[in-house]
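Remarks on the structure that follows.
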Amino acid sequence: MISEQLREEVHKCIKCGLCMNACPVYKQLYFEGVSPRGKVQLIKKVFDATLDPSENFHNLLFTCLLCETCSVNCPSGLKIDRLLKAMRAELEDKFGLPWQKRMVFHLLSGSRLLPFAMFWGRTLGTTLLSLFAKTGKLGTIPYAKIPRINPVPLIKQYPETISPDKEKVGRVIYFVGCATNYLFENVGKSVISVLTRLGVEVVIPKKQMCCGLPIFLSGARKMALNNIRTNLRILNEGNVDAVLVDCATCGSALKKEYIHILEEMGENTEAAKALASKVLDVSEYLSRFDIRKLLGPVQGRVTYHDPCHLVRSQAVKEEPRDLLKMIPELEFVEMFGADTCCGGGGSFQWEHPDVASGITNKKIEAIGDTHADLVASGCPGCRLQISGNLESELIRVVHPVELLAKSMEERTSGSPR
Amino acid sequence: MLEPDILQKFISVVGPERCKATKEDLLTYAYDACIHEFLPDAILFPKSGTEVSEIMKIAQTHSVFVTPRGAGSGLGGEALAKQGGVVMCFTMMNRILEINKANRYAVVEPGVVIAEFQKEVEKHNLFYPPDPGSAAVATMGGAVAMNAGGMRGVKYGVTRDYLLGLEIVLPSGEIMTTGAVTTKDVTGYDLTRLICGSEGTLAVLTKIIVRLLPKPRAKRTLQAVYDVIDDAGTTVSKIIEAGIVPATLELMDKTIIKALEDFAHLGLPLDAEAVLLMDVDGDPDLVEKQAAAVAGFCREQGAREVRVSASEKENEQLWVARRSAFGAVARMRPNCLIEDATVPVSYLTSAIKKVIEAGKRNNIPIGVLAHAGDGNLHPLILFDLRDSDEMARVEKAMDEIVDYALSVGGTLSGEHGIGITKSKYLPKQLSQTSLNVMRGIKKLFDPQGILNPGSFLEDHKS
């Protein structure tokens, strides 16, 4: 049941349409049904029983990146994305999930099968991918551009507590997230390296689970409850300065979505609120330190892409940029529309490849215009989408923290100044 | 209901992808930004003048009603299928065809979004001034059909003042051009400006030629806070009397200031009665002089605080208040109606007071924004659509506002149009003779009455 408070949202829509041209999906398809205003009005009709939730309505609900651009642009302050998420959950019983999503979510919502699947994923590679699509592409991303799975999950590569070899100035829990754990191990290594160099002790709880966001944003909230409860229990334990995430999506789950979901499911939100108050994106935490003196020169030209889940869900905009600008000799250049969604949207790019590639092409063009050879972005989803669609082999997509780690290495390995 | 074989004929013109008729489609094309809803029978998305012409021919043969529509951000139901039929939506016909720097004009298709067009011409150091509040979503076609205005009206005028020519399709399906690309053109009746503001009742737009200006080289923003609203009004008169024409001259009343502070905490004083926000633009030297002069007028008239921006960035910071105003007020109640009665500039402050009185008398919260430089009021009337008693009081407050505007020589609508929300007031402003002439023109263009039926002209037989 969608809460009364959320149901009231539809009456606040004055249909001004200001959300429409902010919506990347509408700007590809140009018809009202896919626009935020259209969806809100249809949901209103479902609430007042004028419209029976049809297959078409269900499809429209999923023709959305959940990039939240509409919500931040709404003059009346409607929580459009929350309404859509709740409606997806409401219809999950009726329409179910596609089998591919069911399978993936089954893996993500357990703790045993996932490492097993990842092992076989690494071993079998694209053979396994062709289960999803025989086009040689996963949505818009060619198989060849999908990164190889980490040989050993990151969490297994480190002890539970990693102490700095200098005076301890802080202690944090590091929520690793599936992407870093299984796909982008260098991001995790960089986070740990940067933190320990600063003198921060890093605790990596071994029993942490997938944040669950892909599961519950597809509507399968009940399926994600175990992930949420486990993470709340584990991450709220112990005395730490902060719980750090390197993934924009995990961050938005831990900071915002857990509270919303539990609240809307009528569950206790105390633990979720306690956790939310401690969660920081790694860039936010690093901004507290004077890291400049630890940085050495990195050659190149970097531009920054704002992940939706960071710039809108968490309002983190300046911190990653400021950190990048601190790196000596690295040239920072702002791209046009840096905070526009890359078109990935989790499973969106797989479900709607044509719409997604239209959106992604604009992003790729904006990147090209900067003549940067590095694109920094703190979201593995954006990273996959952008690097998977970049034609140029000369441009690399990285996490800002990878550049910081490299810069710190340069400082220690380079000649003393 | 549209018969299946007629629908099939429309599909043969635009293809199945650009003809939409599911229940969800019909519901999402039943509304615009006003409170009324009418279900169409289908929505067609043409991409060329030829397709529009073919559609009109089929419609004429089978007497199908056709209502043209842009982004659906209108405030009066102008683009709604008030008597059913098809909605012809232009959002997919949205190319900028030409930006001619040598002759300073541009040719666009009707579905181009105003703000995107403005951004594009500014890349060429050119300037398209009309900027209705909905510019981020509204289309050029909609702006022409409604003769949209905006905040820059005081100095730069409205859409009409930038129109050079049009390509239109008549209800018969005939394609016709009006005007020319030259600034001067007195050949025949000025049909371009007849179509402009005709609310989609005479012909369907397929191409629009607009005049462009050189982009002003500098701009300064000023903000003045007043304890007494009359002082703000006098300041406006003084500025205009002195021969200074600001690019924008916006007023926000006490209710708006309070809403802004509750919502955005911008540091505006809560006991102030009015805030004026002004832009002066042009050559850098002149802009400096004008900014100083305007600031002087504000202080002389008793402004308790005057801020003059020193940079582009500060311009933007000062504008945050005005840009946030609508949202800040709109979220106070579920629904918000934006009135746009307009008065001669010298009546501005008394009109604002009348509006505030009308709100109090009818127990309806109203915040007043105004394009003060051209007397265009924007009372933001707040209510809950589900409360019928409140709706009756809203109606009454609107009646009073309209009556006052007309009593001082103003107009029913400065820039939003008549549509169905204001058609009942039409005979108050237009004589029977005037209405007869308009209906005669409508008959000439659309003898069958298939284009946008139920529009402002027909709705209220007087």
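By convention here, the chains of the structure tokens are called A, B, ... in the order presented, each chain's residues are numbered starting at 1, and ligands are numbered starting at 1 in the order presented.
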| query | Mind listing as a ChimeraX atom specification which residues of chain A are within 10 Å of chain B, counting only C-alpha atoms? | reply | /A:8-22,27-35,37-42,45,50-54,56-57,60,73-78
For the residues in the current selection, export C-alpha atoms as a JSON list (two decimals), in the first residue's frame.
[["chain", "number", "residue", "atom", "x", "y", "z"],
["A", 8, "GLU", "CA", -1.21, 13.18, -1.55],
["A", 9, "GLU", "CA", 1.77, 14.13, -3.73],
["A", 10, "VAL", "CA", -0.21, 13.69, -6.95],
["A", 11, "HIS", "CA", -2.55, 16.50, -5.94],
["A", 12, "LYS", "CA", 0.37, 18.91, -5.68],
["A", 13, "CYS", "CA", 1.20, 18.58, -9.39],
["A", 14, "ILE", "CA", 0.03, 21.76, -11.06],
["A", 15, "LYS", "CA", 0.90, 20.28, -14.47],
["A", 16, "CYS", "CA", 3.18, 23.21, -15.33],
["A", 17, "GLY", "CA", 5.38, 20.84, -17.32],
["A", 18, "LEU", "CA", 8.69, 22.21, -16.07],
["A", 19, "CYS", "CA", 9.81, 18.65, -15.36],
["A", 20, "MET", "CA", 9.42, 17.61, -18.98],
["A", 21, "ASN", "CA", 12.28, 19.29, -20.68],
["A", 22, "ALA", "CA", 14.48, 18.38, -17.73],
["A", 27, "LYS", "CA", 13.85, 14.49, -24.62],
["A", 28, "GLN", "CA", 14.48, 11.32, -26.58],
["A", 29, "LEU", "CA", 10.89, 10.21, -27.11],
["A", 30, "TYR", "CA", 8.92, 13.48, -26.97],
["A", 31, "PHE", "CA", 5.57, 12.11, -25.87],
["A", 32, "GLU", "CA", 3.76, 12.89, -22.68],
["A", 33, "GLY", "CA", 3.35, 9.36, -21.31],
["A", 34, "VAL", "CA", 7.08, 8.98, -20.67],
["A", 35, "SER", "CA", 7.41, 12.43, -19.12],
["A", 37, "ARG", "CA", 4.21, 14.97, -15.56],
["A", 38, "GLY", "CA", 2.55, 12.25, -17.60],
["A", 39, "LYS", "CA", 3.50, 9.53, -15.16],
["A", 40, "VAL", "CA", 2.34, 11.54, -12.17],
["A", 41, "GLN", "CA", -1.00, 12.22, -13.86],
["A", 42, "LEU", "CA", -1.42, 8.55, -14.75],
["A", 45, "LYS", "CA", -5.75, 8.27, -12.36],
["A", 50, "THR", "CA", -10.06, 5.94, -13.50],
["A", 51, "LEU", "CA", -7.19, 3.85, -14.84],
["A", 52, "ASP", "CA", -6.56, 0.19, -14.24],
["A", 53, "PRO", "CA", -2.80, -0.41, -14.04],
["A", 54, "SER", "CA", -2.18, -1.92, -17.46],
["A", 56, "ASN", "CA", 1.36, -0.26, -20.94],
["A", 57, "PHE", "CA", 1.22, 1.75, -17.71],
["A", 60, "LEU", "CA", 5.82, 3.54, -18.84],
["A", 73, "ASN", "CA", 13.22, 20.73, -10.96],
["A", 74, "CYS", "CA", 9.65, 20.57, -9.68],
["A", 75, "PRO", "CA", 8.54, 24.01, -8.47],
["A", 76, "SER", "CA", 5.97, 22.41, -6.20],
["A", 77, "GLY", "CA", 8.57, 20.11, -4.67],
["A", 78, "LEU", "CA", 6.83, 16.87, -5.65]]
| task | Identify, with DSSP run on backbone atoms, the residues in region 92-317 of chain B assigned to strand (DSSP E or B), and express the list as a PyMOL selection string. | result | chain B and resi 96-100+105-108+113+126-127+139+163-169+175-179+204-211+213-214+218-226+248-253+274-282+305-308
Save out the residues we just selected, C-alpha atoms, as a short mmCIF file (atom, residue, chain, number, x, y, z; two decimals), in the first residue's frame.
data_model
loop_
_atom_site.label_atom_id
_atom_site.label_comp_id
_atom_site.auth_asym_id
_atom_site.auth_seq_id
_atom_site.Cartn_x
_atom_site.Cartn_y
_atom_site.Cartn_z
CA ILE B 96 16.00 24.68 -35.90
CA LEU B 97 16.17 25.01 -39.69
CA GLU B 98 18.33 28.08 -40.04
CA ILE B 99 20.10 30.72 -37.98
CA ASN B 100 21.01 33.50 -40.41
CA TYR B 105 16.75 35.92 -38.45
CA ALA B 106 16.06 32.26 -37.70
CA VAL B 107 13.66 29.69 -39.08
CA VAL B 108 12.33 27.05 -36.74
CA VAL B 113 11.57 24.56 -27.12
CA LEU B 126 22.46 36.68 -31.07
CA PHE B 127 19.47 37.15 -28.86
CA THR B 139 7.45 25.46 -27.72
CA LEU B 163 7.74 37.50 -35.92
CA LEU B 164 8.76 37.98 -39.53
CA GLY B 165 6.84 35.24 -41.24
CA LEU B 166 5.12 31.90 -41.00
CA GLU B 167 4.33 28.80 -42.93
CA ILE B 168 0.84 27.67 -42.03
CA VAL B 169 -1.57 24.96 -43.04
CA ILE B 175 -0.14 25.29 -47.29
CA MET B 176 0.43 29.05 -47.18
CA THR B 177 3.26 31.37 -46.21
CA THR B 178 2.93 34.79 -44.62
CA GLY B 179 5.41 37.64 -44.20
CA VAL B 204 -1.74 25.24 -37.99
CA LEU B 205 1.83 26.54 -37.77
CA THR B 206 4.49 24.54 -39.56
CA LYS B 207 7.38 27.01 -39.82
CA ILE B 208 8.23 30.17 -37.92
CA ILE B 209 10.63 32.94 -38.97
CA VAL B 210 11.77 35.21 -36.15
CA ARG B 211 13.90 38.32 -36.01
CA LEU B 213 18.85 40.94 -31.97
CA PRO B 214 22.54 41.26 -31.20
CA ALA B 218 26.51 43.62 -20.41
CA LYS B 219 23.84 43.20 -17.76
CA ARG B 220 23.45 44.34 -14.15
CA THR B 221 20.83 43.17 -11.70
CA LEU B 222 19.43 45.35 -8.93
CA GLN B 223 17.33 44.37 -5.95
CA ALA B 224 15.46 46.91 -3.85
CA VAL B 225 13.49 46.14 -0.70
CA TYR B 226 10.59 48.38 0.35
CA THR B 248 13.15 43.43 -16.64
CA LEU B 249 11.29 45.02 -13.77
CA GLU B 250 9.74 42.48 -11.44
CA LEU B 251 7.78 43.02 -8.25
CA MET B 252 7.12 40.55 -5.43
CA ASP B 253 4.66 41.29 -2.65
CA ALA B 274 7.65 44.64 -1.65
CA VAL B 275 10.83 43.69 -3.46
CA LEU B 276 11.75 45.04 -6.89
CA LEU B 277 14.14 43.11 -9.05
CA MET B 278 15.52 44.81 -12.11
CA ASP B 279 17.93 44.16 -14.95
CA VAL B 280 19.54 46.84 -17.05
CA ASP B 281 21.37 45.63 -20.15
CA GLY B 282 23.22 47.01 -23.15
CA GLU B 305 18.00 48.29 1.01
CA VAL B 306 19.37 48.39 -2.53
CA ARG B 307 21.79 45.85 -3.92
CA VAL B 308 23.55 46.25 -7.23
#
| field | For CA of Glu339 (chain B) and CA of Tyr156 (chain B), the interatomic separation in Å (one decimal) | value | 21.9 Å
| Ala271 (chain A) environment, 9 Å, only C-alpha atoms, sequence neighbours closer than 3 positions dropped, as an MDAnalysis selection string | chainID A and resid 229 232:233 236 259 268 274:276
Give me a file of those residues, with C-alpha atoms, as a short mmCIF file (atom, residue, chain, number, x, y, z; two decimals), in the first residue's frame.
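File selection20.cif, as written:
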data_model
loop_
_atom_site.label_atom_id
_atom_site.label_comp_id
_atom_site.auth_asym_id
_atom_site.auth_seq_id
_atom_site.Cartn_x
_atom_site.Cartn_y
_atom_site.Cartn_z
CA ARG A 229 18.32 -5.41 7.67
CA LEU A 232 21.76 -1.88 9.04
CA ARG A 233 22.85 -4.30 11.73
CA ASN A 236 25.64 0.41 12.78
CA ILE A 259 14.62 5.16 5.33
CA ASN A 268 10.88 0.90 12.16
CA ALA A 274 21.14 6.24 12.65
CA LEU A 275 23.10 4.78 9.73
CA ALA A 276 22.15 7.60 7.35
#
| Backbone DSSP call of alpha helix (DSSP H) for region 125-266 of chain B, listed as a ChimeraX atom specification | /B:140-146,153-156,191-195,229-241,254-264
| Surrounding residues of region 452-457 of chain B excluding itself and chain neighbours under 3 positions, 6 Å, only C-alpha atoms, as a VMD selection string | chain B and resid 66 to 67 82 201 419 to 420 423
Restrict the selected residues to C-alpha atoms and save them as an mmCIF file, in the first residue's frame.
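Below is the file result_38.cif, written as the result:
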data_model
loop_
_atom_site.group_PDB
_atom_site.id
_atom_site.type_symbol
_atom_site.label_atom_id
_atom_site.label_comp_id
_atom_site.auth_asym_id
_atom_site.auth_seq_id
_atom_site.Cartn_x
_atom_site.Cartn_y
_atom_site.Cartn_z
ATOM 1 C CA VAL B 66 -8.202 18.825 -34.863
ATOM 2 C CA THR B 67 -6.560 20.654 -31.973
ATOM 3 C CA LYS B 82 -12.487 20.354 -25.963
ATOM 4 C CA THR B 201 -8.164 28.586 -34.110
ATOM 5 C CA GLY B 419 -8.808 29.761 -23.781
ATOM 6 C CA ILE B 420 -11.723 28.369 -21.842
ATOM 7 C CA SER B 423 -13.798 33.116 -22.275
#
| message | Give me the residues near Ser346 (chain B) as a list of chain:residue names, where near means some atom within 9 Å (using only C-alpha atoms) and where sequence neighbours in that chain fewer than 6 positions away do not count. | response | B:Gly233, B:Thr234, B:Val236, B:Ser237, B:Gly375
| query | Quick one: residues within 7 Å of region 94-107 of chain A, only C-alpha atoms counted, chain neighbours fewer than 3 positions away excluded, as a ChimeraX atom specification? | reply | /A:91,110,113-114,132,215
Please, could you write that set of residues out with N, CA and C atoms as an mmCIF file, in the first residue's frame?
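out.cif, written as the output of this step:
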data_model
loop_
_atom_site.group_PDB
_atom_site.id
_atom_site.type_symbol
_atom_site.label_atom_id
_atom_site.label_comp_id
_atom_site.auth_asym_id
_atom_site.auth_seq_id
_atom_site.Cartn_x
_atom_site.Cartn_y
_atom_site.Cartn_z
ATOM 1 N N LEU A 91 3.147 -2.536 -7.966
ATOM 2 C CA LEU A 91 2.734 -3.370 -9.097
ATOM 3 C C LEU A 91 3.571 -4.641 -9.244
ATOM 4 N N GLY A 110 21.250 -12.823 -1.779
ATOM 5 C CA GLY A 110 21.826 -13.849 -0.918
ATOM 6 C C GLY A 110 23.286 -13.530 -0.678
ATOM 7 N N LEU A 113 25.511 -17.401 -3.006
ATOM 8 C CA LEU A 113 25.576 -17.710 -4.431
ATOM 9 C C LEU A 113 26.365 -16.683 -5.229
ATOM 10 N N LEU A 114 26.411 -15.465 -4.698
ATOM 11 C CA LEU A 114 27.020 -14.390 -5.475
ATOM 12 C C LEU A 114 28.503 -14.639 -5.780
ATOM 13 N N PHE A 132 21.852 -13.438 -21.689
ATOM 14 C CA PHE A 132 21.026 -12.240 -21.585
ATOM 15 C C PHE A 132 20.658 -11.718 -22.960
ATOM 16 N N ILE A 215 17.539 -4.096 -6.586
ATOM 17 C CA ILE A 215 16.384 -4.960 -6.308
ATOM 18 C C ILE A 215 15.162 -4.115 -5.974
#
| Quick one: of B:Arg361, B:Lys123, B:Met438, B:Gly76, who's nearest to Ser413 (chain B), counting only C-alpha atoms? |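 Under the stated criterion, the closest residue is B:Gly76.
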